[in-house]
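Visitor: Have a look at this one.
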Amino acid sequence: MAAPKPRVKVPKKASQGEVITIKTLISHPMESGQRKDKKTGELIPRKIINKFSCEFNGQVVFSCDLDPAVSANPYMEFSAKVNEPGTFKFTWVDDDGSVYETEKKITIE
Amino acid sequence: FLTFAPRISFAATAETDAAIKAFTGGATPTEGTVSLDTPEIAENGNTVPVGVTVDSPMTPDSYVESVLILADGNPSPAVATFHFTAMSGAAEAKTRIRLAKTQNVVAVAKMNDGSTFMDTKEVKVTIGGCGG
């Protein structure tokens, strides 16, 4: 499987105190653990992103616990209030312990 | 023409009820304040867009702590739990979920003062592309 690729959409700038919308998507099969291998008839082990979080300048803005009922390539859309320029840090945690990260900067106009 | 099924106030299955109770700490959530945005009919149960909005000022004194999303007809009702902070600005989130069949989607919101609210929406899941 190709390494999961995070994609994030954050406005480049915002006015002070503005509530912005952030959209994120990460390529991941979100294997539910309930599907059977068509050839062997055995259950395919669960492998999902189980946690997502978004921090702004080190403070948590939004986080989410995910269960197998979240679709493949999990998509998250949420809001953040921007009071100062800084960096959004996005983190996805995989069942196997892998952590996928990306960052986006925002300026105040 | 489509007839609209009446909204079902409380979740149908014991497992879903248990998940709500575990989330609220035993309290029965009040209807309202939280609203779910789901399609009436989902042609593809593999990726159903679901949005949730909670009416809250989202200030450090009064904000939504978390929102639990459940699907009572799935093999396991848990879908996702969103955690908000005062920095979220607005208590709203959207994601895409899997629904095994036609069922109720439930959202339960927990405020920082411990009060809980819920909303339930039925989503019809079609397998063929009848287009509704």
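The chains in the structure tokens are called A, B, ... from first to last as shown; in each chain the residues are counted from 1, and the ligands are counted from 1 in the order shown.
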Could the residues of chain A that have an atom at most 10 Å from chain B be listed as JSON lines, each with its closest atom pair and the distance in Å to one decimal, counting only C-alpha atoms and ordered by chain and ascending residue number?
Guide:
```
{"residue": "A:Gly17", "atom": "CA", "partner": "B:Gly89", "partner_atom": "CA", "distance": 8.8}
{"residue": "A:Glu18", "atom": "CA", "partner": "B:Gly89", "partner_atom": "CA", "distance": 8.3}
{"residue": "A:Val19", "atom": "CA", "partner": "B:Gly89", "partner_atom": "CA", "distance": 5.6}
{"residue": "A:Ile20", "atom": "CA", "partner": "B:Gly89", "partner_atom": "CA", "distance": 8.2}
{"residue": "A:Thr21", "atom": "CA", "partner": "B:Ala93", "partner_atom": "CA", "distance": 9.4}
{"residue": "A:Ile22", "atom": "CA", "partner": "B:Ala93", "partner_atom": "CA", "distance": 9.6}
{"residue": "A:Lys23", "atom": "CA", "partner": "B:Lys94", "partner_atom": "CA", "distance": 9.0}
{"residue": "A:Thr24", "atom": "CA", "partner": "B:Thr95", "partner_atom": "CA", "distance": 9.5}
{"residue": "A:Leu25", "atom": "CA", "partner": "B:Thr95", "partner_atom": "CA", "distance": 9.6}
{"residue": "A:Gln34", "atom": "CA", "partner": "B:Pro75", "partner_atom": "CA", "distance": 8.7}
{"residue": "A:Asn50", "atom": "CA", "partner": "B:Ala80", "partner_atom": "CA", "distance": 9.1}
{"residue": "A:Lys51", "atom": "CA", "partner": "B:Ala80", "partner_atom": "CA", "distance": 9.5}
{"residue": "A:Phe52", "atom": "CA", "partner": "B:Phe82", "partner_atom": "CA", "distance": 9.4}
{"residue": "A:Ser53", "atom": "CA", "partner": "B:His83", "partner_atom": "CA", "distance": 9.0}
{"residue": "A:Cys54", "atom": "CA", "partner": "B:Ser88", "partner_atom": "CA", "distance": 9.9}
{"residue": "A:Glu55", "atom": "CA", "partner": "B:Met87", "partner_atom": "CA", "distance": 9.6}
{"residue": "A:Phe56", "atom": "CA", "partner": "B:Met87", "partner_atom": "CA", "distance": 8.7}
{"residue": "A:Gln59", "atom": "CA", "partner": "B:Met87", "partner_atom": "CA", "distance": 8.4}
{"residue": "A:Val60", "atom": "CA", "partner": "B:Thr85", "partner_atom": "CA", "distance": 7.2}
{"residue": "A:Val61", "atom": "CA", "partner": "B:Ser88", "partner_atom": "CA", "distance": 5.2}
{"residue": "A:Phe62", "atom": "CA", "partner": "B:Phe84", "partner_atom": "CA", "distance": 5.0}
{"residue": "A:Ser63", "atom": "CA", "partner": "B:His83", "partner_atom": "CA", "distance": 5.0}
{"residue": "A:Cys64", "atom": "CA", "partner": "B:Phe82", "partner_atom": "CA", "distance": 4.4}
{"residue": "A:Asp65", "atom": "CA", "partner": "B:Thr81", "partner_atom": "CA", "distance": 5.0}
{"residue": "A:Leu66", "atom": "CA", "partner": "B:Ala80", "partner_atom": "CA", "distance": 4.5}
{"residue": "A:Asp67", "atom": "CA", "partner": "B:Val79", "partner_atom": "CA", "distance": 5.1}
{"residue": "A:Pro68", "atom": "CA", "partner": "B:Val79", "partner_atom": "CA", "distance": 6.8}
{"residue": "A:Ala69", "atom": "CA", "partner": "B:Val79", "partner_atom": "CA", "distance": 4.9}
{"residue": "A:Val70", "atom": "CA", "partner": "B:Ile97", "partner_atom": "CA", "distance": 4.3}
{"residue": "A:Ser71", "atom": "CA", "partner": "B:Ile97", "partner_atom": "CA", "distance": 4.7}
{"residue": "A:Ala72", "atom": "CA", "partner": "B:Thr47", "partner_atom": "CA", "distance": 7.9}
{"residue": "A:Asn73", "atom": "CA", "partner": "B:Arg96", "partner_atom": "CA", "distance": 9.0}
{"residue": "A:Pro74", "atom": "CA", "partner": "B:Arg96", "partner_atom": "CA", "distance": 6.9}
{"residue": "A:Tyr75", "atom": "CA", "partner": "B:Thr95", "partner_atom": "CA", "distance": 5.2}
{"residue": "A:Met76", "atom": "CA", "partner": "B:Thr95", "partner_atom": "CA", "distance": 4.8}
{"residue": "A:Glu77", "atom": "CA", "partner": "B:Lys94", "partner_atom": "CA", "distance": 4.8}
{"residue": "A:Phe78", "atom": "CA", "partner": "B:Ala93", "partner_atom": "CA", "distance": 4.4}
{"residue": "A:Ser79", "atom": "CA", "partner": "B:Ser88", "partner_atom": "CA", "distance": 5.4}
{"residue": "A:Ala80", "atom": "CA", "partner": "B:Ser88", "partner_atom": "CA", "distance": 4.2}
{"residue": "A:Lys81", "atom": "CA", "partner": "B:Gly89", "partner_atom": "CA", "distance": 4.5}
{"residue": "A:Val82", "atom": "CA", "partner": "B:Met87", "partner_atom": "CA", "distance": 7.9}
{"residue": "A:Asn83", "atom": "CA", "partner": "B:Met87", "partner_atom": "CA", "distance": 9.1}
```
Visitor: Using the selection just defined, write its residues with N, CA and C atoms as a compact mmCIF listing (two decimals), in the first residue's frame.
Guide:
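Heads up, here's the output in selection_1.txt:
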```
# COMPACT_ATOMS: atom_id res chain seq x y z
N GLY A 17 -9.74 37.00 14.53
CA GLY A 17 -10.98 36.55 15.15
C GLY A 17 -11.92 35.84 14.21
N GLU A 18 -11.52 35.70 12.96
CA GLU A 18 -12.38 35.04 11.97
C GLU A 18 -12.46 33.53 12.23
N VAL A 19 -13.64 32.98 11.98
CA VAL A 19 -13.81 31.53 12.08
C VAL A 19 -13.67 30.96 10.67
N ILE A 20 -12.62 30.19 10.46
CA ILE A 20 -12.36 29.64 9.14
C ILE A 20 -12.77 28.17 9.07
N THR A 21 -12.96 27.69 7.86
CA THR A 21 -13.28 26.29 7.65
C THR A 21 -12.04 25.57 7.14
N ILE A 22 -11.75 24.44 7.74
CA ILE A 22 -10.60 23.63 7.35
C ILE A 22 -11.12 22.31 6.81
N LYS A 23 -10.57 21.88 5.68
CA LYS A 23 -10.96 20.60 5.10
C LYS A 23 -9.73 19.70 5.03
N THR A 24 -9.87 18.47 5.46
CA THR A 24 -8.74 17.55 5.40
C THR A 24 -9.18 16.22 4.82
N LEU A 25 -8.23 15.56 4.18
CA LEU A 25 -8.48 14.23 3.62
C LEU A 25 -7.16 13.48 3.63
N GLN A 34 -14.04 -6.32 9.10
CA GLN A 34 -15.24 -7.14 8.94
C GLN A 34 -15.33 -7.77 7.56
N ASN A 50 -7.33 5.79 13.62
CA ASN A 50 -8.25 5.81 14.76
C ASN A 50 -8.30 7.16 15.46
N LYS A 51 -7.39 8.06 15.11
CA LYS A 51 -7.42 9.37 15.76
C LYS A 51 -6.91 10.44 14.81
N PHE A 52 -7.58 11.58 14.86
CA PHE A 52 -7.15 12.73 14.07
C PHE A 52 -7.16 13.94 14.99
N SER A 53 -6.16 14.79 14.86
CA SER A 53 -6.23 16.02 15.64
C SER A 53 -5.63 17.18 14.88
N CYS A 54 -6.09 18.38 15.24
CA CYS A 54 -5.60 19.61 14.63
C CYS A 54 -5.22 20.54 15.76
N GLU A 55 -3.97 21.01 15.71
CA GLU A 55 -3.49 21.97 16.72
C GLU A 55 -3.13 23.27 16.02
N PHE A 56 -3.32 24.37 16.76
CA PHE A 56 -2.90 25.67 16.24
C PHE A 56 -1.93 26.27 17.26
N GLN A 59 -1.92 24.43 20.55
CA GLN A 59 -3.16 24.21 21.29
C GLN A 59 -4.15 23.43 20.43
N VAL A 60 -4.81 22.46 21.03
CA VAL A 60 -5.74 21.63 20.27
C VAL A 60 -6.97 22.44 19.87
N VAL A 61 -7.30 22.40 18.59
CA VAL A 61 -8.47 23.09 18.07
C VAL A 61 -9.63 22.11 17.93
N PHE A 62 -9.31 20.94 17.37
CA PHE A 62 -10.33 19.95 17.06
C PHE A 62 -9.64 18.59 17.04
N SER A 63 -10.33 17.59 17.58
CA SER A 63 -9.80 16.24 17.42
C SER A 63 -10.97 15.29 17.25
N CYS A 64 -10.67 14.09 16.82
CA CYS A 64 -11.72 13.15 16.49
C CYS A 64 -11.24 11.73 16.71
N ASP A 65 -12.08 10.91 17.35
CA ASP A 65 -11.82 9.47 17.43
C ASP A 65 -12.62 8.81 16.33
N LEU A 66 -11.96 7.98 15.55
CA LEU A 66 -12.64 7.36 14.41
C LEU A 66 -12.85 5.87 14.65
N ASP A 67 -13.98 5.37 14.18
CA ASP A 67 -14.28 3.95 14.26
C ASP A 67 -14.34 3.40 12.83
N PRO A 68 -14.44 2.07 12.70
CA PRO A 68 -14.40 1.50 11.34
C PRO A 68 -15.53 1.99 10.42
N ALA A 69 -16.58 2.61 10.97
CA ALA A 69 -17.68 3.08 10.12
C ALA A 69 -17.35 4.36 9.37
N VAL A 70 -16.16 4.91 9.55
CA VAL A 70 -15.77 6.08 8.76
C VAL A 70 -15.26 5.58 7.41
N SER A 71 -15.69 6.27 6.34
CA SER A 71 -15.36 5.83 4.98
C SER A 71 -13.85 5.79 4.72
N ALA A 72 -13.48 5.03 3.69
CA ALA A 72 -12.11 5.03 3.23
C ALA A 72 -11.72 6.45 2.83
N ASN A 73 -10.45 6.75 2.91
CA ASN A 73 -9.94 8.10 2.66
C ASN A 73 -10.68 9.11 3.54
N PRO A 74 -10.54 8.96 4.87
CA PRO A 74 -11.35 9.77 5.79
C PRO A 74 -11.24 11.28 5.54
N TYR A 75 -12.41 11.89 5.46
CA TYR A 75 -12.55 13.32 5.19
C TYR A 75 -13.05 13.99 6.45
N MET A 76 -12.47 15.12 6.80
CA MET A 76 -12.92 15.87 7.96
C MET A 76 -13.03 17.34 7.58
N GLU A 77 -14.14 17.93 7.95
CA GLU A 77 -14.30 19.36 7.75
C GLU A 77 -14.70 19.96 9.09
N PHE A 78 -14.04 21.01 9.51
CA PHE A 78 -14.35 21.61 10.82
C PHE A 78 -13.92 23.07 10.81
N SER A 79 -14.17 23.77 11.93
CA SER A 79 -13.88 25.19 12.00
C SER A 79 -12.76 25.48 12.98
N ALA A 80 -12.15 26.64 12.81
CA ALA A 80 -11.15 27.10 13.76
C ALA A 80 -11.24 28.61 13.84
N LYS A 81 -11.06 29.13 15.04
CA LYS A 81 -11.07 30.57 15.22
C LYS A 81 -9.62 31.04 15.22
N VAL A 82 -9.32 32.03 14.38
CA VAL A 82 -7.94 32.48 14.23
C VAL A 82 -7.79 33.85 14.88
N ASN A 83 -7.01 33.93 15.95
CA ASN A 83 -6.78 35.19 16.65
C ASN A 83 -5.40 35.76 16.38
```
Visitor: At a cut-off of 8 Å, using only C-alpha atoms, what residues contact Gly32 in chain B? Leave out same-chain residues fewer than 2 positions from it and give the result as a PyMOL selection string.
Guide: chain B and resi 30+34-35+117-119
Visitor: Could you write out that same residue set with N, CA and C atoms as a PDB file, in the first residue's frame?
Guide:
```pdb
ATOM      1  N   THR B  30     -31.495  15.533  25.811  1.00  0.00           N
ATOM      2  CA  THR B  30     -32.657  16.305  25.403  1.00  0.00           C
ATOM      3  C   THR B  30     -32.625  16.461  23.883  1.00  0.00           C
ATOM      4  N   VAL B  34     -28.559  20.285  18.965  1.00  0.00           N
ATOM      5  CA  VAL B  34     -27.644  19.667  18.001  1.00  0.00           C
ATOM      6  C   VAL B  34     -28.458  19.286  16.770  1.00  0.00           C
ATOM      7  N   SER B  35     -27.901  19.500  15.591  1.00  0.00           N
ATOM      8  CA  SER B  35     -28.631  19.056  14.406  1.00  0.00           C
ATOM      9  C   SER B  35     -27.720  18.325  13.439  1.00  0.00           C
ATOM     10  N   PHE B 117     -27.468  16.704  24.506  1.00  0.00           N
ATOM     11  CA  PHE B 117     -28.527  16.888  23.521  1.00  0.00           C
ATOM     12  C   PHE B 117     -28.359  15.858  22.416  1.00  0.00           C
ATOM     13  N   MET B 118     -29.468  15.534  21.752  1.00  0.00           N
ATOM     14  CA  MET B 118     -29.329  14.582  20.651  1.00  0.00           C
ATOM     15  C   MET B 118     -30.249  14.886  19.482  1.00  0.00           C
ATOM     16  N   ASP B 119     -29.897  14.321  18.344  1.00  0.00           N
ATOM     17  CA  ASP B 119     -30.699  14.414  17.125  1.00  0.00           C
ATOM     18  C   ASP B 119     -30.592  13.076  16.404  1.00  0.00           C
TER      19      ASP B 119
END
```
Visitor: With only C-alpha atoms as the counted atoms, please give the residues lying no more than 12 Å from Gly26 in chain B, apart from itself and same-chain residues fewer than 3 positions off, as a ChimeraX atom specification.
Guide: /B:17-23,29,114-116
Visitor: What's the 12 Å shell around Gly97 in chain A, counting only C-alpha atoms, without same-chain residues fewer than 2 positions away, as number ranges by chain?
Guide: A: 47-51, 92-95, 99-100
Visitor: Tell me, which residues of chain A carry DSSP strand (DSSP E or B), written as a PyMOL selection string?
Guide: chain A and resi 6-9+13-14+18-26+31+36+43+47+49-56+59-66+70+75-82+86-94+99-108
Visitor: Can you work out which one of B:Ser56, B:Val50, B:Val108, B:Glu40 has the shortest atom-to-atom distance to Lys124 in chain B, counting only C-alpha atoms?
Guide: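 Nearest candidate to Lys124 in chain B out of B:Ser56, B:Val50, B:Val108, B:Glu40: B:Glu40.
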Visitor: Could you give me the residues within chain B that DSSP places in helix (DSSP H, G or I), as a PyMOL selection string?
Guide: chain B and resi 14-24+86-88
Visitor: Could you name the residues that touch range 12-14 of chain A at 6 Å or less, counting only C-alpha atoms, but leaving out those on the same chain fewer than 6 positions away, as a list in words?
Guide: Ile106, Thr107 and Ile108 of chain A
Visitor: Selection from above, C-alpha atoms, as a PDB file, in the first residue's frame, can you write it?
Guide:
```
ATOM      1  CA  ILE A 106      -1.842  31.187   8.182  1.00  0.00           C
ATOM      2  CA  THR A 107      -1.306  34.950   8.302  1.00  0.00           C
ATOM      3  CA  ILE A 108      -3.522  37.722   9.616  1.00  0.00           C
TER       4      ILE A 108
END
```
Visitor: Mind pulling up the distance from CA of Asn44 in chain B to CA of Val125 in chain B?
Guide: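 Going from CA of Val125 in chain B over to CA of Asn44 in chain B covers 6.9 Å.
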Visitor: How many Å lie between CA of Thr91 in chain A and CA of Arg7 in chain A, rounded to one decimal?
Guide: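 Straight-line distance from CA of Thr91 in chain A to CA of Arg7 in chain A works out to 11.4 Å.
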Visitor: Rank A:Arg46, A:Ser98, A:Lys38, A:Ser32 by their smallest atom-to-atom distance to Ala3 in chain A, using only C-alpha atoms, and report the top residue only.
Guide: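 Of A:Arg46, A:Ser98, A:Lys38, A:Ser32, the one nearest Ala3 in chain A is A:Ser98, counting only C-alpha atoms.
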Visitor: Mind giving me the straight-line distance from CA of Asp61 in chain B to CA of Met111 in chain B in Å, one decimal?
Guide: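 Taking CA of Asp61 in chain B as the start and CA of Met111 in chain B as the end point, the length is 10.4 Å.
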